[in-house]
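The structure file data_32.cif is reproduced below (mmCIF, C-alpha atoms and all ligand atoms).
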```cif
data_run
#
loop_
_atom_site.label_atom_id
_atom_site.label_comp_id
_atom_site.auth_asym_id
_atom_site.auth_seq_id
_atom_site.Cartn_x
_atom_site.Cartn_y
_atom_site.Cartn_z
CA MET E 19 172.80 70.45 5.71
CA ARG E 20 172.88 69.28 2.14
CA GLN E 21 169.65 68.91 0.25
CA VAL E 22 169.32 65.55 -1.33
CA ALA E 23 165.87 64.77 -2.49
CA PRO E 24 166.96 63.66 -5.93
CA ALA E 25 164.51 64.28 -8.73
CA ARG E 26 163.97 60.66 -9.62
CA PRO E 27 162.55 60.20 -13.06
CA ARG E 28 159.27 58.36 -13.14
CA THR E 29 160.03 55.08 -14.78
CA ARG E 30 157.68 52.97 -16.83
CA THR E 31 155.58 50.27 -15.32
CA ASP E 32 154.21 48.79 -18.53
CA GLU E 33 155.36 45.29 -19.40
CA LEU E 34 158.14 44.33 -21.77
CA ALA E 35 158.08 40.97 -23.55
CA MET E 36 161.53 39.51 -22.99
CA VAL E 37 163.39 36.28 -23.40
CA VAL E 38 165.99 34.64 -21.17
CA ARG E 39 169.29 34.82 -23.02
CA GLN E 40 171.73 33.28 -20.57
CA LEU E 41 172.08 31.97 -17.02
CA ARG E 42 175.43 31.86 -15.29
CA TRP E 43 176.57 30.66 -11.88
CA GLU E 44 178.09 33.61 -10.06
CA ALA E 45 178.61 32.11 -6.58
CA VAL E 46 177.22 29.42 -4.33
CA GLY E 47 173.45 29.87 -4.49
CA VAL E 48 173.60 32.84 -6.90
CA VAL E 49 172.80 32.77 -10.58
CA SER E 50 172.79 35.72 -12.96
CA VAL E 51 170.07 35.94 -15.58
CA GLU E 52 170.49 37.87 -18.81
CA LEU E 53 167.35 39.04 -20.54
CA ALA E 54 166.85 40.54 -23.99
CA ALA E 55 163.82 42.09 -25.67
CA ALA E 56 161.76 39.44 -27.45
CA ASP E 57 161.83 41.57 -30.62
CA GLY E 58 165.59 42.12 -30.32
CA GLY E 59 165.18 45.89 -29.88
CA ASP E 60 166.83 48.32 -27.50
CA LEU E 61 165.69 48.21 -23.88
CA PRO E 62 164.60 51.24 -21.84
CA PRO E 63 167.54 53.04 -20.22
CA TRP E 64 168.17 52.77 -16.48
CA ARG E 65 170.38 54.24 -13.78
CA PRO E 66 172.67 52.45 -11.32
CA GLY E 67 170.55 51.20 -8.41
CA ALA E 68 167.44 50.57 -10.54
CA HIS E 69 165.49 47.33 -10.39
CA ILE E 70 163.08 45.49 -12.64
CA GLU E 71 160.07 43.39 -11.79
CA LEU E 72 160.43 39.98 -13.38
CA VAL E 73 157.12 38.28 -14.11
CA LEU E 74 157.88 34.56 -14.31
CA PRO E 75 155.95 32.10 -16.49
CA THR E 76 154.10 31.02 -13.32
CA GLY E 77 152.74 34.55 -12.95
CA ILE E 78 154.87 35.24 -9.86
CA ALA E 79 156.40 38.72 -9.94
CA ARG E 80 159.63 39.55 -8.11
CA GLN E 81 161.88 42.59 -8.01
CA TYR E 82 165.56 42.22 -8.83
CA SER E 83 168.25 44.89 -9.04
CA LEU E 84 169.89 45.40 -12.40
CA CYS E 85 173.58 44.54 -12.19
CA GLY E 86 174.74 44.70 -15.82
CA SER E 87 176.07 47.68 -17.75
CA VAL E 88 173.92 50.80 -18.08
CA ALA E 89 175.58 51.37 -21.46
CA ASP E 90 174.36 48.06 -22.90
CA ARG E 91 170.81 48.62 -24.13
CA SER E 92 170.62 45.12 -25.65
CA ARG E 93 170.19 43.23 -22.36
CA TYR E 94 169.38 43.42 -18.70
CA ARG E 95 171.19 41.33 -16.12
CA VAL E 96 169.96 40.46 -12.62
CA GLY E 97 171.49 38.33 -9.87
CA VAL E 98 169.20 35.91 -8.05
CA LEU E 99 169.97 34.29 -4.71
CA ARG E 100 168.32 30.94 -4.07
CA GLU E 101 166.58 31.70 -0.81
CA ARG E 102 165.57 29.21 1.79
CA GLY E 103 161.86 29.59 2.34
CA SER E 104 161.46 31.07 -1.15
CA ARG E 105 157.82 31.82 -1.96
CA GLY E 106 158.41 30.58 -5.49
CA GLY E 107 160.43 33.37 -7.13
CA SER E 108 164.09 32.51 -6.61
CA GLU E 109 163.27 28.80 -6.45
CA TYR E 110 161.67 28.95 -9.89
CA VAL E 111 164.56 30.95 -11.36
CA HIS E 112 167.13 28.44 -10.10
CA ALA E 113 165.22 25.26 -10.80
CA PHE E 114 163.27 25.96 -13.96
CA LEU E 115 164.25 29.14 -15.78
CA ARG E 116 166.27 28.32 -18.90
CA PRO E 117 167.62 30.21 -21.96
CA GLY E 118 164.96 30.81 -24.57
CA GLN E 119 162.07 31.01 -22.10
CA PRO E 120 159.78 34.03 -22.46
CA VAL E 121 159.26 36.28 -19.43
CA ARG E 122 157.67 39.64 -18.87
CA VAL E 123 159.42 42.56 -17.23
CA ARG E 124 158.08 45.75 -15.64
CA GLY E 125 160.28 48.76 -15.11
CA PRO E 126 163.10 49.61 -14.76
CA ARG E 127 162.30 51.57 -11.62
CA ASP E 128 164.76 53.53 -9.53
CA ASN E 129 164.15 53.78 -5.79
CA PHE E 130 167.79 54.07 -4.76
CA GLY E 131 168.31 57.60 -6.07
CA PHE E 132 172.00 57.18 -6.92
CA ARG E 133 173.48 60.50 -7.97
CA PRO E 134 176.82 62.13 -8.67
CA GLU E 135 178.85 62.73 -5.50
CA PRO E 136 182.45 63.77 -4.87
CA ALA E 137 183.20 60.37 -3.27
CA TYR E 138 181.42 57.17 -2.29
CA LEU E 139 181.41 54.58 0.43
CA PHE E 140 179.53 51.49 -0.71
CA ILE E 141 178.52 48.76 1.74
CA ALA E 142 177.07 45.51 0.42
CA GLY E 143 175.98 42.35 2.18
CA GLY E 144 175.45 39.14 0.20
CA ILE E 145 173.18 39.58 -2.81
CA GLY E 146 173.01 43.29 -1.89
CA ILE E 147 176.05 43.64 -4.14
CA THR E 148 173.77 43.65 -7.20
CA PRO E 149 172.56 47.28 -7.12
CA ILE E 150 175.97 48.41 -5.87
CA LEU E 151 177.90 46.91 -8.81
CA PRO E 152 176.62 49.41 -11.43
CA MET E 153 177.27 52.23 -8.92
CA VAL E 154 180.87 51.05 -8.62
CA ARG E 155 181.18 51.06 -12.42
CA GLU E 156 179.79 54.59 -12.55
CA ALA E 157 182.24 55.79 -9.87
CA VAL E 158 185.09 54.21 -11.88
CA ARG E 159 183.82 55.83 -15.08
CA ARG E 160 183.69 59.24 -13.43
CA GLY E 161 187.09 58.77 -11.80
CA VAL E 162 185.86 59.74 -8.32
CA PRO E 163 187.19 58.15 -5.11
CA TRP E 164 185.22 55.15 -3.88
CA ARG E 165 185.54 52.32 -1.40
CA LEU E 166 183.48 49.16 -1.12
CA ALA E 167 183.04 47.05 2.01
CA TYR E 168 181.53 43.75 0.87
CA GLY E 169 180.49 41.02 3.28
CA GLY E 170 179.14 37.51 2.81
CA ARG E 171 178.87 34.17 4.55
CA THR E 172 181.87 32.72 2.72
CA ALA E 173 184.04 33.92 -0.15
CA ALA E 174 182.43 31.26 -2.36
CA SER E 175 178.98 32.73 -1.68
CA MET E 176 179.99 36.27 -2.66
CA ALA E 177 178.91 36.98 -6.23
CA PHE E 178 180.78 39.10 -8.77
CA LEU E 179 184.14 39.07 -6.96
CA ASP E 180 185.70 38.36 -10.37
CA GLU E 181 184.25 41.60 -11.75
CA LEU E 182 185.54 43.52 -8.76
CA ALA E 183 189.02 41.97 -8.97
CA PRO E 184 190.50 44.74 -11.19
CA HIS E 185 189.55 47.22 -8.45
CA ARG E 186 190.92 45.28 -5.48
CA ALA E 187 192.64 48.38 -4.05
CA HIS E 188 189.16 49.86 -3.49
CA VAL E 189 187.45 46.69 -2.22
CA TRP E 190 187.48 45.29 1.32
CA ARG E 191 186.10 41.76 1.43
CA TYR E 192 184.60 40.29 4.59
CA PRO E 193 183.72 36.61 4.20
CA LYS E 194 182.32 35.92 7.66
CA ASP E 195 183.91 32.47 8.02
CA GLU E 196 187.39 33.98 7.50
CA ALA E 197 187.17 37.61 8.59
CA GLY E 198 184.27 37.61 11.04
CA ARG E 199 181.70 40.39 10.94
CA MET E 200 182.27 43.49 8.89
CA PRO E 201 183.78 46.15 11.22
CA LEU E 202 181.01 48.67 10.64
CA ASP E 203 182.15 50.90 13.47
CA ASP E 204 185.46 51.44 11.68
CA TRP E 205 183.72 52.26 8.41
CA LEU E 206 181.12 54.59 9.87
CA ALA E 207 182.83 56.29 12.81
CA ARG E 208 184.22 59.25 10.88
CA PRO E 209 182.16 60.41 7.91
CA ARG E 210 184.40 62.00 5.33
CA PRO E 211 183.26 65.35 3.92
CA GLY E 212 181.72 64.91 0.48
CA THR E 213 181.36 61.14 0.83
CA ALA E 214 177.93 59.59 0.29
CA LEU E 215 177.09 56.16 1.67
CA TYR E 216 175.05 53.69 -0.41
CA ALA E 217 174.22 50.34 1.16
CA CYS E 218 172.23 47.24 0.34
CA GLY E 219 172.01 43.91 2.09
CA PRO E 220 170.09 41.93 4.66
CA GLU E 221 167.96 43.71 7.25
CA SER E 222 170.43 43.02 10.09
CA LEU E 223 173.20 44.79 8.16
CA LEU E 224 171.04 47.76 7.18
CA THR E 225 169.75 48.21 10.72
CA ALA E 226 173.33 48.20 11.99
CA ILE E 227 174.32 50.75 9.34
CA GLU E 228 171.38 52.98 10.27
CA GLU E 229 172.43 52.91 13.90
CA GLY E 230 176.13 53.32 13.12
CA SER E 231 175.58 56.24 10.73
CA ALA E 232 173.15 58.16 12.93
CA HIS E 233 175.73 60.96 13.20
CA TRP E 234 176.09 61.26 9.40
CA ASP E 235 174.21 63.96 7.54
CA PRO E 236 171.00 62.04 6.71
CA GLY E 237 171.18 63.32 3.16
CA THR E 238 174.39 61.40 2.60
CA VAL E 239 173.07 57.94 3.52
CA ARG E 240 170.91 55.88 1.19
CA MET E 241 170.03 52.22 1.38
CA GLU E 242 167.70 49.77 -0.28
CA ARG E 243 165.83 46.99 1.48
CA PHE E 244 164.88 43.60 0.08
CA ALA E 245 161.89 43.24 2.38
CA ALA E 246 159.65 45.42 4.50
CA ARG E 247 160.53 46.14 8.12
CA PRO E 248 157.97 45.09 10.70
CA ARG E 249 155.24 47.69 11.09
CA PRO E 250 152.96 48.30 14.03
CA ALA E 251 149.99 45.95 13.79
CA GLY E 252 146.33 46.87 14.28
CA PRO E 253 143.82 49.15 12.57
CA ARG E 254 144.69 52.75 11.86
CA SER E 255 142.57 55.87 11.52
CA GLU E 256 140.05 56.23 8.74
CA VAL E 257 141.16 58.61 6.01
CA GLU E 258 139.33 60.41 3.25
CA VAL E 259 141.22 60.32 -0.04
CA VAL E 260 140.34 62.83 -2.72
CA CYS E 261 141.42 61.50 -6.13
CA ALA E 262 142.08 64.68 -8.09
CA ARG E 263 142.32 63.22 -11.58
CA SER E 264 139.55 60.64 -11.18
CA LYS E 265 137.30 63.19 -9.49
CA ALA E 266 136.34 60.69 -6.79
CA THR E 267 136.48 60.72 -3.01
CA VAL E 268 137.16 57.41 -1.28
CA THR E 269 136.78 56.77 2.43
CA VAL E 270 139.50 54.32 3.50
CA PRO E 271 138.69 52.38 6.67
CA GLY E 272 141.44 51.83 9.21
CA ASP E 273 141.81 48.15 8.44
CA ARG E 274 142.36 48.60 4.71
CA SER E 275 145.26 50.05 2.74
CA ILE E 276 144.70 53.20 0.71
CA LEU E 277 145.84 51.32 -2.40
CA SER E 278 143.33 48.51 -2.04
CA ALA E 279 140.51 50.94 -1.23
CA LEU E 280 141.30 52.96 -4.36
CA GLU E 281 141.42 49.78 -6.44
CA ALA E 282 138.05 48.68 -5.07
CA ALA E 283 136.62 52.09 -5.95
CA GLY E 284 137.82 51.71 -9.56
CA VAL E 285 140.51 54.39 -9.34
CA PRO E 286 143.37 53.52 -11.75
CA VAL E 287 146.36 52.77 -9.49
CA VAL E 288 149.10 50.16 -9.77
CA GLY E 289 150.73 48.08 -7.06
CA SER E 290 153.05 45.13 -6.90
CA CYS E 291 154.83 44.23 -3.63
CA ARG E 292 152.15 45.86 -1.45
CA GLU E 293 154.78 46.06 1.28
CA GLY E 294 156.27 49.50 0.65
CA VAL E 295 159.53 48.29 -0.89
CA CYS E 296 159.18 48.15 -4.70
CA GLY E 297 158.03 51.69 -5.47
CA THR E 298 155.43 50.68 -8.08
CA CYS E 299 152.54 52.46 -6.38
CA GLU E 300 154.36 55.81 -5.97
CA THR E 301 151.75 58.58 -5.99
CA ARG E 302 152.06 62.36 -5.89
CA VAL E 303 150.49 64.06 -2.88
CA LEU E 304 148.72 67.30 -3.78
CA ASP E 305 147.42 68.18 -0.33
CA GLY E 306 147.45 66.76 3.18
CA GLU E 307 150.28 65.22 5.17
CA PRO E 308 151.19 61.60 4.48
CA GLU E 309 152.26 59.27 7.25
CA HIS E 310 155.13 57.45 5.55
CA LEU E 311 155.33 53.78 6.42
CA ASP E 312 157.34 52.62 3.40
CA ASP E 313 160.94 51.41 3.27
CA ILE E 314 161.91 53.51 0.27
CA LEU E 315 161.97 57.24 1.02
CA SER E 316 164.90 58.90 2.75
CA ALA E 317 164.37 61.23 5.70
CA ASP E 318 164.59 64.28 3.41
CA GLU E 319 162.09 62.84 0.96
CA ARG E 320 159.67 62.03 3.75
CA ALA E 321 159.92 65.58 5.02
CA ALA E 322 159.12 66.91 1.53
CA GLY E 323 155.77 65.10 1.73
CA ASP E 324 155.12 65.37 -2.01
CA ARG E 325 154.83 61.65 -2.77
CA MET E 326 153.82 58.51 -0.97
CA TYR E 327 153.34 54.75 -1.33
CA PRO E 328 149.66 54.10 -0.64
CA CYS E 329 150.09 50.33 -0.31
CA VAL E 330 151.31 50.94 3.25
CA SER E 331 151.40 54.66 4.00
CA ARG E 332 148.52 56.57 5.59
CA ALA E 333 147.70 60.18 6.48
CA ARG E 334 148.62 62.23 9.52
CA GLY E 335 145.31 64.05 9.26
CA ARG E 336 141.83 62.97 8.11
CA ARG E 337 142.25 63.88 4.45
CA LEU E 338 144.67 63.47 1.56
CA VAL E 339 144.46 64.75 -1.99
CA LEU E 340 146.30 62.45 -4.38
CA ASP E 341 147.21 62.82 -8.05
CA VAL E 342 145.30 59.77 -9.19
S1 LIG A 401 153.21 48.30 -4.25
FE1 LIG A 401 155.33 48.18 -3.85
S2 LIG A 401 155.72 50.05 -2.80
FE2 LIG A 401 153.55 50.00 -3.01
#
```
Turn this file's structure into structure tokens for me.
Amino acid sequence: MRQVAPARPRTRTDELAMVVRQLRWEAVGVVSVELAAADGGDLPPWRPGAHIELVLPTGIARQYSLCGSVADRSRYRVGVLRERGSRGGSEYVHAFLRPGQPVRVRGPRDNFGFRPEPAYLFIAGGIGITPILPMVREAVRRGVPWRLAYGGRTAASMAFLDELAPHRAHVWRYPKDEAGRMPLDDWLARPRPGTALYACGPESLLTAIEEGSAHWDPGTVRMERFAARPRPAGPRSEVEVVCARSKATVTVPGDRSILSALEAAGVPVVGSCREGVCGTCETRVLDGEPEHLDDILSADERAAGDRMYPCVSRARGRRLVLDV
């Protein structure tokens, strides 16, 4: 079995002052937003699959995958789908965000763990194309074999098809109103040696991919979720958290997250989504066994047990020692 746990660099979580440079319609319900540093300087580097947290003028913070060029340090680009039932993030971007407006950005942060592989199979559903697009560019740059299966409701709703057009021999498009559902069984039935699968899209697609790729080497399958999967409700066991750097011990009751208990105790920790999807609260585990309840770590990374997301994850035993 191949070892995958990629050594992801820790990425910055401090805020950048940025300005909206351009908005562009990319598809029905999808707008891309280009951002530049307010002082015109170079932006922090990032890797394909990374996301930023956009702090809107209303104070709402949302995570969006970077979909521009990793080589262009002068701007970031994100794609934003106008979501029904938006809690204010995508609605604000579509209705009110305009060129020249100041925004704040945290990150970039990389939870996807994209890395060099001999070959790639990319699967994207809807706005899930955004983190995949820079991966495609990297595969093209490296000259390695790649295929992309890209599904959407209609062709008009599928963003960035124009940017993929030069690579049409590698791209299989599945607008549902014309082609029906993406034939995942065909894509996943026979894993090819050396091929890694990277996928992003709605929960229904990712669940189907997880089930359909159960016979793949788990180290070759990586996906990123937009939202947390349902977790078992109800209180959990109390856990004692030893904060090695802060020299404090915090007892976390079963009805409270480790993150919020540490915050209440004055331990310097950072969180954002508080749902185990953004990666902001990533914390090194020095001792004890975490019970991983996030939607970020792969099976291999969970088994390593050396980091956790305390906004949702707990402990298998009574005690954890964390590097905070
Ligand atoms: S705050 Fe987002 S993963 Fe913990």
Do you have, as a Markdown table, the list of residues of region 64-181 of chain E lying at most 8 Å from region 283-302 of chain E, each with its nearest atom pair and that distance in Å to one decimal, counting all atoms listed in the file and ordered by chain then number?
```
| residue | atom | partner | partner_atom | distance |
| --- | --- | --- | --- | --- |
| E:Ala79 | CA | E:Ser290 | CA | 7.8 |
| E:Gln81 | CA | E:Cys296 | CA | 7.0 |
| E:Arg127 | CA | E:Gly297 | CA | 7.5 |
| E:Asn129 | CA | E:Gly297 | CA | 6.5 |
```
Selected residues, C-alpha atoms, written as a PDB file, in the frame of the given file, please.
```pdb
ATOM      1  CA  ALA E  79     156.400  38.720  -9.940  1.00  0.00           C
ATOM      2  CA  GLN E  81     161.880  42.590  -8.010  1.00  0.00           C
ATOM      3  CA  ARG E 127     162.300  51.570 -11.620  1.00  0.00           C
ATOM      4  CA  ASN E 129     164.150  53.780  -5.790  1.00  0.00           C
TER       5      ASN E 129
END
```
Nearest to Leu115 (chain E) by atom-to-atom distance, counting all atoms listed in the file, from E:Leu139, E:Val46, E:Leu72, E:Leu41: E:Leu41
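Restricting the calculation to only C-alpha atoms, the smallest distance between Val38 (chain E) and any of E:Arg102, E:Arg116, E:Arg191, E:Ser87 is found for E:Arg116.
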Atom pair CA of Asp204 (chain E) / CA of Cys85 (chain E): separation (Å): 27.5 Å
Residues near Thr76 (chain E), cut-off 10 Å, all atoms listed in the file, skip fewer than 5 positions along chain, as a list in words: Gly106, Gly107, Tyr110 and Val121 of chain E
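CA of Arg122 (chain E) is found 5.5 Å from CA of Leu34 (chain E).
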Selection near Pro201 (chain E), 12 Å with all atoms listed in the file, sequence-local residues under 2 positions removed, as a PyMOL selection string: chain E and resi 141+167-169+190-194+197-199+203-207+223+226-227+230
